[in-house]
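data.csv, holding CSV, C-alpha atoms and all ligand atoms:
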chain,number,residue,atom,x,y,z
Y,134,MET,CA,-3.9,-14.7,-34.2
Y,135,THR,CA,-4.9,-11.8,-32.0
Y,136,GLU,CA,-2.5,-10.7,-29.3
Y,137,LYS,CA,-3.6,-11.0,-25.7
Y,138,LYS,CA,-4.1,-7.6,-24.2
Y,139,GLU,CA,-1.8,-6.8,-21.2
Y,140,ASP,CA,-3.4,-6.9,-17.8
Y,141,PRO,CA,-4.5,-3.5,-16.5
Y,142,ILE,CA,-2.5,-1.6,-14.0
Y,143,LEU,CA,-4.1,-2.0,-10.6
Y,144,MET,CA,-4.3,1.3,-8.7
Y,145,ASP,CA,-3.3,0.3,-5.3
Y,146,GLY,CA,-5.1,2.8,-3.0
Y,147,LYS,CA,-4.1,0.9,0.1
Y,148,THR,CA,-0.4,1.6,-0.5
Y,149,VAL,CA,-0.8,5.2,-1.7
Y,150,ALA,CA,-3.0,5.8,1.4
Y,151,ALA,CA,-0.4,4.3,3.7
Y,152,GLN,CA,2.2,6.6,2.2
Y,153,ILE,CA,0.0,9.6,2.8
Y,154,ARG,CA,-0.6,8.5,6.4
Y,155,GLU,CA,3.1,8.2,7.0
Y,156,GLU,CA,3.6,11.8,5.7
Y,157,LEU,CA,0.8,13.0,7.9
Y,158,LYS,CA,2.3,11.4,11.0
Y,159,VAL,CA,5.4,13.5,10.5
Y,160,ARG,CA,3.3,16.7,10.0
Y,161,VAL,CA,1.3,16.0,13.1
Y,162,ALA,CA,4.5,15.3,15.2
Y,163,ARG,CA,5.9,18.6,13.9
Y,164,LEU,CA,2.8,20.5,14.9
Y,165,ILE,CA,2.9,19.0,18.4
Y,166,ASP,CA,6.6,19.5,18.8
Y,167,GLY,CA,6.0,23.1,17.8
Y,168,GLY,CA,3.9,23.5,21.0
Y,169,ASN,CA,0.5,23.3,19.2
Y,170,PRO,CA,-2.4,21.3,20.6
Y,171,THR,CA,-3.0,17.8,19.2
Y,172,PRO,CA,-5.3,18.1,16.1
Y,173,ILE,CA,-8.8,16.9,16.9
Y,174,LEU,CA,-11.5,15.6,14.5
Y,175,ALA,CA,-14.9,15.7,16.0
Y,176,THR,CA,-17.1,12.8,14.7
Y,177,ILE,CA,-20.8,13.2,15.2
Y,178,LEU,CA,-22.9,10.0,15.0
Y,179,VAL,CA,-26.6,10.3,15.2
Y,180,GLY,CA,-28.8,7.2,15.8
Y,181,ASP,CA,-27.8,3.6,16.0
Y,182,ASP,CA,-27.2,2.5,12.4
Y,183,PRO,CA,-24.6,-0.3,12.8
Y,184,ALA,CA,-22.8,0.4,9.5
Y,185,SER,CA,-22.4,4.1,10.4
Y,186,ALA,CA,-21.1,3.2,13.8
Y,187,THR,CA,-18.5,1.0,12.2
Y,188,TYR,CA,-17.4,3.7,9.8
Y,189,VAL,CA,-17.0,6.2,12.6
Y,190,LYS,CA,-15.0,3.7,14.6
Y,191,MET,CA,-12.7,3.1,11.6
Y,192,LYS,CA,-12.2,6.8,11.2
Y,193,GLY,CA,-11.4,7.1,14.9
Y,194,LYS,CA,-8.8,4.4,14.6
Y,195,ALA,CA,-7.3,6.0,11.5
Y,196,CYS,CA,-7.0,9.3,13.5
Y,197,GLU,CA,-5.1,7.5,16.3
Y,198,SER,CA,-2.8,5.9,13.8
Y,199,ILE,CA,-1.3,9.3,12.7
Y,200,GLY,CA,-1.4,10.9,16.2
Y,201,ILE,CA,-4.6,12.9,16.0
Y,202,GLU,CA,-7.5,12.7,18.4
Y,203,SER,CA,-11.0,11.9,17.5
Y,204,GLN,CA,-13.7,13.4,19.7
Y,205,LYS,CA,-16.6,11.1,19.4
Y,206,ILE,CA,-20.0,12.7,19.8
Y,207,GLU,CA,-23.0,10.2,19.9
Y,208,MET,CA,-26.6,11.5,19.7
Y,209,PRO,CA,-29.8,9.4,20.0
Y,210,GLU,CA,-32.0,8.4,17.1
Y,211,SER,CA,-34.6,10.9,18.3
Y,212,THR,CA,-32.3,13.9,17.9
Y,213,THR,CA,-34.0,16.9,16.3
Y,214,THR,CA,-32.5,19.2,13.7
Y,215,VAL,CA,-32.2,22.0,16.3
Y,216,GLU,CA,-30.3,19.7,18.8
Y,217,LEU,CA,-27.9,18.6,16.1
Y,218,LEU,CA,-27.3,22.1,14.8
Y,219,SER,CA,-26.5,23.2,18.4
Y,220,LYS,CA,-24.0,20.4,18.7
Y,221,ILE,CA,-22.3,21.4,15.4
Y,222,GLU,CA,-22.2,25.0,16.6
Y,223,ASP,CA,-20.4,23.9,19.8
Y,224,CYS,CA,-17.8,22.2,17.6
Y,225,ASN,CA,-17.5,25.2,15.3
Y,226,SER,CA,-16.7,27.5,18.3
Y,227,ASP,CA,-14.4,25.0,20.1
Y,228,PRO,CA,-10.8,26.1,19.2
Y,229,ASN,CA,-9.6,22.6,20.1
Y,230,VAL,CA,-11.6,21.0,17.3
Y,231,HIS,CA,-10.0,21.3,13.9
Y,232,GLY,CA,-12.2,19.1,11.7
Y,233,ILE,CA,-15.9,18.1,12.0
Y,234,LEU,CA,-17.4,14.9,10.5
Y,235,LEU,CA,-21.1,14.4,10.6
Y,236,GLN,CA,-21.7,10.8,9.7
Y,237,HIS,CA,-24.2,10.3,6.8
Y,238,PRO,CA,-27.0,9.3,6.8
Y,239,VAL,CA,-28.7,11.0,9.8
Y,240,PRO,CA,-32.2,9.9,10.9
Y,241,SER,CA,-34.9,11.1,8.5
Y,242,GLN,CA,-36.5,13.7,10.8
Y,243,ILE,CA,-33.2,15.8,10.6
Y,244,ASP,CA,-32.6,18.3,7.8
Y,245,GLU,CA,-29.3,16.8,6.7
Y,246,ARG,CA,-28.4,19.5,4.2
Y,247,LEU,CA,-28.9,22.2,6.8
Y,248,ALA,CA,-26.8,20.2,9.3
Y,249,PHE,CA,-24.0,19.9,6.8
Y,250,ASP,CA,-24.2,23.6,5.9
Y,251,THR,CA,-23.9,24.5,9.6
Y,252,ILE,CA,-20.4,23.1,9.7
Y,253,SER,CA,-17.9,25.9,9.5
Y,254,PRO,CA,-16.1,25.8,6.2
Y,255,GLU,CA,-12.7,26.0,8.0
Y,256,LYS,CA,-13.5,22.8,9.8
Y,257,ASP,CA,-15.3,21.0,6.9
Y,258,ALA,CA,-12.7,18.2,6.7
Y,259,ASP,CA,-15.2,15.9,5.1
Y,260,GLY,CA,-16.0,18.5,2.3
Y,261,VAL,CA,-19.8,18.3,2.6
Y,262,THR,CA,-20.9,22.0,2.7
Y,263,THR,CA,-22.7,23.6,-0.1
Y,264,LEU,CA,-20.2,26.5,0.1
Y,265,GLY,CA,-17.3,24.0,-0.2
Y,266,PHE,CA,-18.9,22.4,-3.2
Y,267,GLY,CA,-19.4,25.8,-4.9
Y,268,ARG,CA,-15.8,26.8,-4.2
Y,269,ILE,CA,-14.4,23.5,-5.5
Y,270,SER,CA,-16.6,23.9,-8.6
Y,271,PHE,CA,-15.1,27.2,-9.3
Y,272,GLY,CA,-11.6,25.9,-8.7
Y,273,GLN,CA,-11.3,27.9,-5.4
Y,274,SER,CA,-9.7,26.7,-2.2
Y,275,ALA,CA,-11.9,24.5,0.0
Y,276,TYR,CA,-11.7,21.0,1.5
Y,277,PRO,CA,-13.1,18.8,-1.3
Y,278,CYS,CA,-15.4,15.8,-0.5
Y,279,CYS,CA,-13.1,13.0,0.6
Y,280,THR,CA,-13.9,10.2,-1.9
Y,281,PRO,CA,-13.7,12.4,-5.0
Y,282,ALA,CA,-10.5,13.9,-3.6
Y,283,GLY,CA,-9.2,10.3,-3.1
Y,284,ILE,CA,-10.1,9.4,-6.7
Y,285,LEU,CA,-8.2,12.5,-8.1
Y,286,ARG,CA,-5.2,11.8,-5.9
Y,287,LEU,CA,-5.0,8.2,-7.1
Y,288,LEU,CA,-5.3,9.3,-10.8
Y,289,ASP,CA,-2.5,11.8,-10.1
Y,290,ASP,CA,-0.3,9.3,-8.3
Y,291,TYR,CA,-0.5,7.0,-11.2
Y,292,GLN,CA,0.1,9.9,-13.6
Y,293,VAL,CA,-3.0,9.3,-15.6
Y,294,PRO,CA,-3.4,12.2,-18.0
Y,295,LEU,CA,-6.7,14.0,-17.5
Y,296,GLU,CA,-6.6,17.1,-19.8
Y,297,GLY,CA,-8.9,16.7,-22.8
Y,298,LYS,CA,-10.0,13.2,-21.8
Y,299,HIS,CA,-13.7,12.2,-21.7
Y,300,ALA,CA,-14.7,11.3,-18.2
Y,301,VAL,CA,-18.0,9.5,-17.7
Y,302,VAL,CA,-19.3,9.7,-14.1
Y,303,VAL,CA,-22.0,7.2,-13.3
Y,304,GLY,CA,-23.9,8.6,-10.3
Y,305,ARG,CA,-24.7,12.2,-9.2
Y,306,SER,CA,-24.8,12.1,-5.4
Y,307,PRO,CA,-23.8,15.2,-3.5
Y,308,ILE,CA,-20.8,13.4,-1.9
Y,309,LEU,CA,-19.5,11.5,-4.9
Y,310,GLY,CA,-20.8,11.8,-8.4
Y,311,ARG,CA,-21.3,15.6,-8.5
Y,312,PRO,CA,-18.2,16.7,-6.8
Y,313,VAL,CA,-15.9,14.3,-8.7
Y,314,ALA,CA,-17.4,15.5,-11.9
Y,315,MET,CA,-16.6,19.1,-11.0
Y,316,MET,CA,-13.1,18.2,-10.0
Y,317,LEU,CA,-12.5,16.4,-13.3
Y,318,LEU,CA,-14.0,19.4,-15.2
Y,319,HIS,CA,-11.6,21.7,-13.3
Y,320,ARG,CA,-8.8,19.4,-14.6
Y,321,ASN,CA,-10.0,20.0,-18.2
Y,322,CYS,CA,-11.7,16.7,-18.7
Y,323,THR,CA,-14.8,16.6,-20.9
Y,324,VAL,CA,-17.4,15.4,-18.4
Y,325,THR,CA,-20.6,13.5,-18.8
Y,326,ILE,CA,-22.7,12.8,-15.7
Y,327,CYS,CA,-25.1,9.8,-15.8
Y,328,HIS,CA,-27.8,8.9,-13.4
Y,329,SER,CA,-30.9,6.6,-13.1
Y,330,ARG,CA,-32.7,8.4,-15.9
Y,331,THR,CA,-29.9,8.3,-18.4
Y,332,GLN,CA,-30.9,6.7,-21.6
Y,333,ASP,CA,-28.8,4.0,-23.2
Y,334,LEU,CA,-26.2,4.1,-20.4
Y,335,PRO,CA,-23.9,1.4,-22.0
Y,336,SER,CA,-23.5,3.6,-25.1
Y,337,VAL,CA,-22.7,6.7,-23.0
Y,338,VAL,CA,-20.2,4.8,-20.8
Y,339,SER,CA,-18.5,3.5,-24.0
Y,340,TYR,CA,-17.2,7.1,-24.7
Y,341,GLY,CA,-15.4,7.3,-21.4
Y,342,ASP,CA,-11.6,7.4,-21.4
Y,343,ILE,CA,-12.1,7.5,-17.7
Y,344,VAL,CA,-15.2,5.9,-16.1
Y,345,VAL,CA,-16.1,6.7,-12.4
Y,346,ALA,CA,-18.5,4.1,-11.0
Y,347,ALA,CA,-20.5,5.7,-8.2
Y,348,VAL,CA,-23.8,3.9,-8.4
Y,349,GLY,CA,-24.2,1.8,-5.3
Y,350,ARG,CA,-25.0,-1.4,-7.3
Y,351,PRO,CA,-22.8,-4.4,-7.3
Y,352,ASN,CA,-20.9,-5.2,-10.5
Y,353,PHE,CA,-23.1,-2.7,-12.4
Y,354,ILE,CA,-20.7,-1.4,-15.0
Y,355,GLN,CA,-20.2,-4.2,-17.5
Y,356,GLY,CA,-17.0,-5.0,-19.3
Y,357,ASP,CA,-18.7,-4.8,-22.7
Y,358,TRP,CA,-19.8,-1.2,-22.0
Y,359,ILE,CA,-16.3,0.2,-21.6
Y,360,LYS,CA,-13.9,1.2,-24.4
Y,361,GLU,CA,-10.6,-0.5,-24.9
Y,362,GLY,CA,-7.9,1.1,-22.6
Y,363,ALA,CA,-10.5,2.9,-20.4
Y,364,VAL,CA,-9.5,3.9,-16.8
Y,365,ILE,CA,-11.9,2.5,-14.3
Y,366,MET,CA,-12.3,4.3,-11.0
Y,367,ASP,CA,-14.6,2.2,-8.9
Y,368,ALA,CA,-15.9,4.0,-5.9
Y,369,GLY,CA,-18.5,1.4,-5.1
Y,370,TYR,CA,-18.5,-0.5,-1.9
Y,371,ASN,CA,-21.2,-3.2,-1.7
Y,372,PRO,CA,-21.8,-6.1,0.7
Y,373,GLY,CA,-19.3,-8.9,0.1
Y,374,ASN,CA,-16.5,-6.4,-0.8
Y,375,VAL,CA,-17.9,-5.9,-4.3
Y,376,GLY,CA,-17.5,-2.7,-6.3
Y,377,ASP,CA,-19.9,-1.0,-8.7
Y,378,ALA,CA,-18.0,-2.2,-11.8
Y,379,ASP,CA,-17.6,-5.8,-12.8
Y,380,PHE,CA,-13.9,-6.1,-12.0
Y,381,ASP,CA,-13.1,-9.3,-14.0
Y,382,ALA,CA,-14.9,-8.2,-17.1
Y,383,CYS,CA,-13.7,-4.6,-17.0
Y,384,SER,CA,-10.1,-5.8,-16.4
Y,385,LYS,CA,-10.1,-7.4,-19.9
Y,386,LYS,CA,-10.3,-4.0,-21.5
Y,387,ALA,CA,-9.2,-1.4,-19.0
Y,388,SER,CA,-5.7,0.1,-18.9
Y,389,TYR,CA,-6.0,1.1,-15.2
Y,390,ILE,CA,-8.5,-0.2,-12.7
Y,391,THR,CA,-9.1,0.2,-8.9
Y,392,PRO,CA,-9.7,-3.0,-7.0
Y,393,VAL,CA,-12.5,-3.3,-4.4
Y,394,PRO,CA,-11.4,-3.4,-1.6
Y,395,GLY,CA,-8.1,-1.6,-1.6
Y,396,GLY,CA,-8.7,1.0,-4.3
Y,397,VAL,CA,-10.7,4.1,-3.7
Y,398,GLY,CA,-11.9,3.1,-0.2
Y,399,PRO,CA,-8.6,3.6,1.7
Y,400,MET,CA,-8.0,6.9,-0.1
Y,401,THR,CA,-11.2,8.4,1.3
Y,402,ILE,CA,-10.0,8.1,4.9
Y,403,ALA,CA,-6.6,9.3,4.0
Y,404,MET,CA,-8.1,12.5,2.5
Y,405,LEU,CA,-10.2,13.0,5.7
Y,406,LEU,CA,-7.0,12.8,7.8
Y,407,GLU,CA,-5.2,15.1,5.4
Y,408,HIS,CA,-7.9,17.7,5.5
Y,409,THR,CA,-7.9,17.6,9.4
Y,410,VAL,CA,-4.2,18.0,9.5
Y,411,GLN,CA,-4.3,20.9,7.0
Y,412,ALA,CA,-7.0,22.6,9.2
Y,413,ALA,CA,-4.8,22.2,12.3
Y,414,GLU,CA,-1.8,23.6,10.4
Y,415,LYS,CA,-3.9,26.6,9.3
Y,416,ALA,CA,-5.1,27.2,12.9
Y,417,ALA,CA,-1.5,26.9,14.1
Y,418,ARG,CA,-0.3,29.5,11.5
Y,419,SER,CA,-3.0,31.9,12.5
Y,420,GLN,CA,-2.0,31.8,16.2
Y,501,LIG,P1,-26.2,7.3,-3.9
Y,501,LIG,O1,-26.3,8.5,-3.1
Y,501,LIG,O2,-27.2,6.2,-3.7
Y,501,LIG,O3,-26.2,7.7,-5.4
Y,501,LIG,C1,-26.2,6.7,-6.4
Y,501,LIG,C2,-26.2,7.4,-7.8
Y,501,LIG,O4,-26.3,6.3,-8.7
Y,501,LIG,C3,-27.5,8.3,-8.0
Y,501,LIG,O5,-27.1,9.5,-8.6
Y,501,LIG,C4,-28.4,7.4,-8.9
Y,501,LIG,O6,-29.1,8.2,-9.8
Y,501,LIG,C5,-27.3,6.6,-9.6
Y,501,LIG,N1,-28.0,5.4,-10.1
Y,501,LIG,C6,-28.7,4.5,-9.4
Y,501,LIG,N2,-29.1,3.5,-10.2
Y,501,LIG,C7,-28.7,3.8,-11.5
Y,501,LIG,C8,-28.8,3.2,-12.7
Y,501,LIG,N3,-29.5,2.1,-12.9
Y,501,LIG,N4,-28.2,3.8,-13.8
Y,501,LIG,C9,-27.5,4.9,-13.7
Y,501,LIG,N5,-27.3,5.6,-12.5
Y,501,LIG,C10,-27.9,5.0,-11.4
Y,501,LIG,O7,-24.8,6.6,-3.7
Y,501,LIG,P2,-23.4,7.3,-3.2
Y,501,LIG,O8,-23.4,7.7,-1.8
Y,501,LIG,O9,-22.9,8.3,-4.3
Y,501,LIG,O10,-22.4,6.0,-3.3
Y,501,LIG,C11,-22.2,5.3,-4.5
Y,501,LIG,C12,-21.3,4.1,-4.3
Y,501,LIG,O11,-20.1,4.6,-3.7
Y,501,LIG,C13,-21.8,3.1,-3.3
Y,501,LIG,O12,-21.4,1.8,-3.7
Y,501,LIG,C14,-21.2,3.5,-2.0
Y,501,LIG,O13,-21.1,2.4,-1.1
Y,501,LIG,C15,-19.8,3.9,-2.5
Y,501,LIG,N6,-19.2,4.9,-1.6
Y,501,LIG,C16,-17.9,4.6,-1.3
Y,501,LIG,C17,-17.2,5.4,-0.5
Y,501,LIG,C18,-15.8,5.1,-0.1
Y,501,LIG,O14,-15.2,5.6,0.8
Y,501,LIG,N7,-15.2,4.2,-0.9
Y,501,LIG,C19,-17.8,6.6,0.0
Y,501,LIG,C20,-19.1,6.9,-0.4
Y,501,LIG,C21,-19.8,6.0,-1.2
Y,501,LIG,P3,-30.3,9.2,-9.4
Y,501,LIG,O15,-29.6,10.4,-8.9
Y,501,LIG,O16,-31.1,9.4,-10.6
Y,501,LIG,O17,-31.1,8.5,-8.3
Show the structure stored in the file as structure tokens.
Amino acid sequence: MTEKKEDPILMDGKTVAAQIREELKVRVARLIDGGNPTPILATILVGDDPASATYVKMKGKACESIGIESQKIEMPESTTTVELLSKIEDCNSDPNVHGILLQHPVPSQIDERLAFDTISPEKDADGVTTLGFGRISFGQSAYPCCTPAGILRLLDDYQVPLEGKHAVVVGRSPILGRPVAMMLLHRNCTVTICHSRTQDLPSVVSYGDIVVAAVGRPNFIQGDWIKEGAVIMDAGYNPGNVGDADFDACSKKASYITPVPGGVGPMTIAMLLEHTVQAAEKAARSQ
């Protein structure tokens, strides 16, 4: 008779993120009590994509919940690159703004990469600049992209050993797959990055001690692709609250797994808040 495998440990991002927020609340109160201005995150929303508007609203509420302010900047769908860059420059030079978030995606006429790279690295709370990516890749100090930072924080919180482990990252987007791969490499994982042209993906995924699902396709990573005891970090968030990994099937083999919702998602916002508070603390120290 074969023994039934134990259920995997659910990595509860909601609870970990709530703890981080409580700690941040204290740090924000300390800053304000010390005579410093209330930290401000400027959020720039261009156009009228309803999903983006919802994300910005959620981030604004999250700011309020820890005592920081969100300065909402809304620009029309017809905004040009020059107009957006000018708005970002205004935020860069405003001493009251500590973090800047440009909601992705922007309308197609805008050079999004140029816009991201116009954000001052000191205020890049969302971790989207090319410079920040480069610095993170070399293990230097910068604000990392928030979802990758949340994934690493969750792995650390659950004390998942990383050194020497084979991490397979499925997805290579600039905000998720690439930066998380670099961060795992910096932590001495052996990293494989997969994408839409990867051949025999199931076989590649089967080598992963850690599998990061960052594809944008519901239930894409199959249970029979993963190895026994793999750690499944599902960054996916698809309509109907479905992740990029088939949760039920992967749970039968995984040792740790993030649920969707309540896994990686809440960590992303917690990291954005943490970076904004760090930026405000740095600004306070340099006064
Ligand atoms: P993205 O920019 O669309 O990138 C998707 C990646 O998946 C691309 O690199 C693509 O490869 C790869 N891919 C697509 N089809 C594939 C296939 N059949 N086989 C292997 N790779 C394939 O998406 P993203 O922005 O990184 O987001 C990924 C997921 O994370 C989505 O579900 C999104 O909703 C979620 N997300 C969650 C948060 C959060 O806060 N929790 C934040 C951001 C994103 P190519 O490069 O070859 O096209």
Any idea what's packed within 8 Å of region 400-413 of chain Y, counting all atoms listed in the file, ignoring anything in its chain fewer than 2 positions away? Could you give it as a ChimeraX atom specification?
/Y:146-147,149-151,153-154,157,160-161,172-174,192,195-196,231-232,255-256,258-259,276,279-284,287,396-398,415-417
Selection: 7 Å around Arg305 (chain Y), all atoms listed in the file, excl. self and same-chain fewer than 5 positions, as JSON, numbers by chain:
{"Y": [310, 311, 326, 328]}
Do you know which residues are at most 8 Å from Ala275 (chain Y) counting all atoms listed in the file, after dropping those on the same chain fewer than 3 positions away, and could you put them as a ChimeraX atom specification?
/Y:254,260,265-266,268-269
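Look at Leu218 (chain Y): the protein and nucleic acid residues within 12 Å of it, using all atoms listed in the file and passing over chain neighbours fewer than 6 places away, are Ile177, Val179, Met208, Thr212, Cys224, Asn225, Leu235, Ile243, Asp244, Glu245, Arg246, Leu247, Ala248, Phe249, Asp250, Thr251, Ile252 and Ser253 of chain Y.
Picture a line from CA of Glu207 (chain Y) to CA of Val230 (chain Y); it runs 15.9 Å.
Comparing the minimum interatomic distances between His237 (chain Y) and each of Y:Ala184, Y:Met144, Y:Leu295, Y:Leu264, counting all atoms listed in the file, we find that Y:Ala184 sits nearest.
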Hey, can you check how far CA of Ser388 (chain Y) sits from CA of Asp342 (chain Y)?
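Between CA of Ser388 (chain Y) and CA of Asp342 (chain Y) the gap is 9.7 Å.
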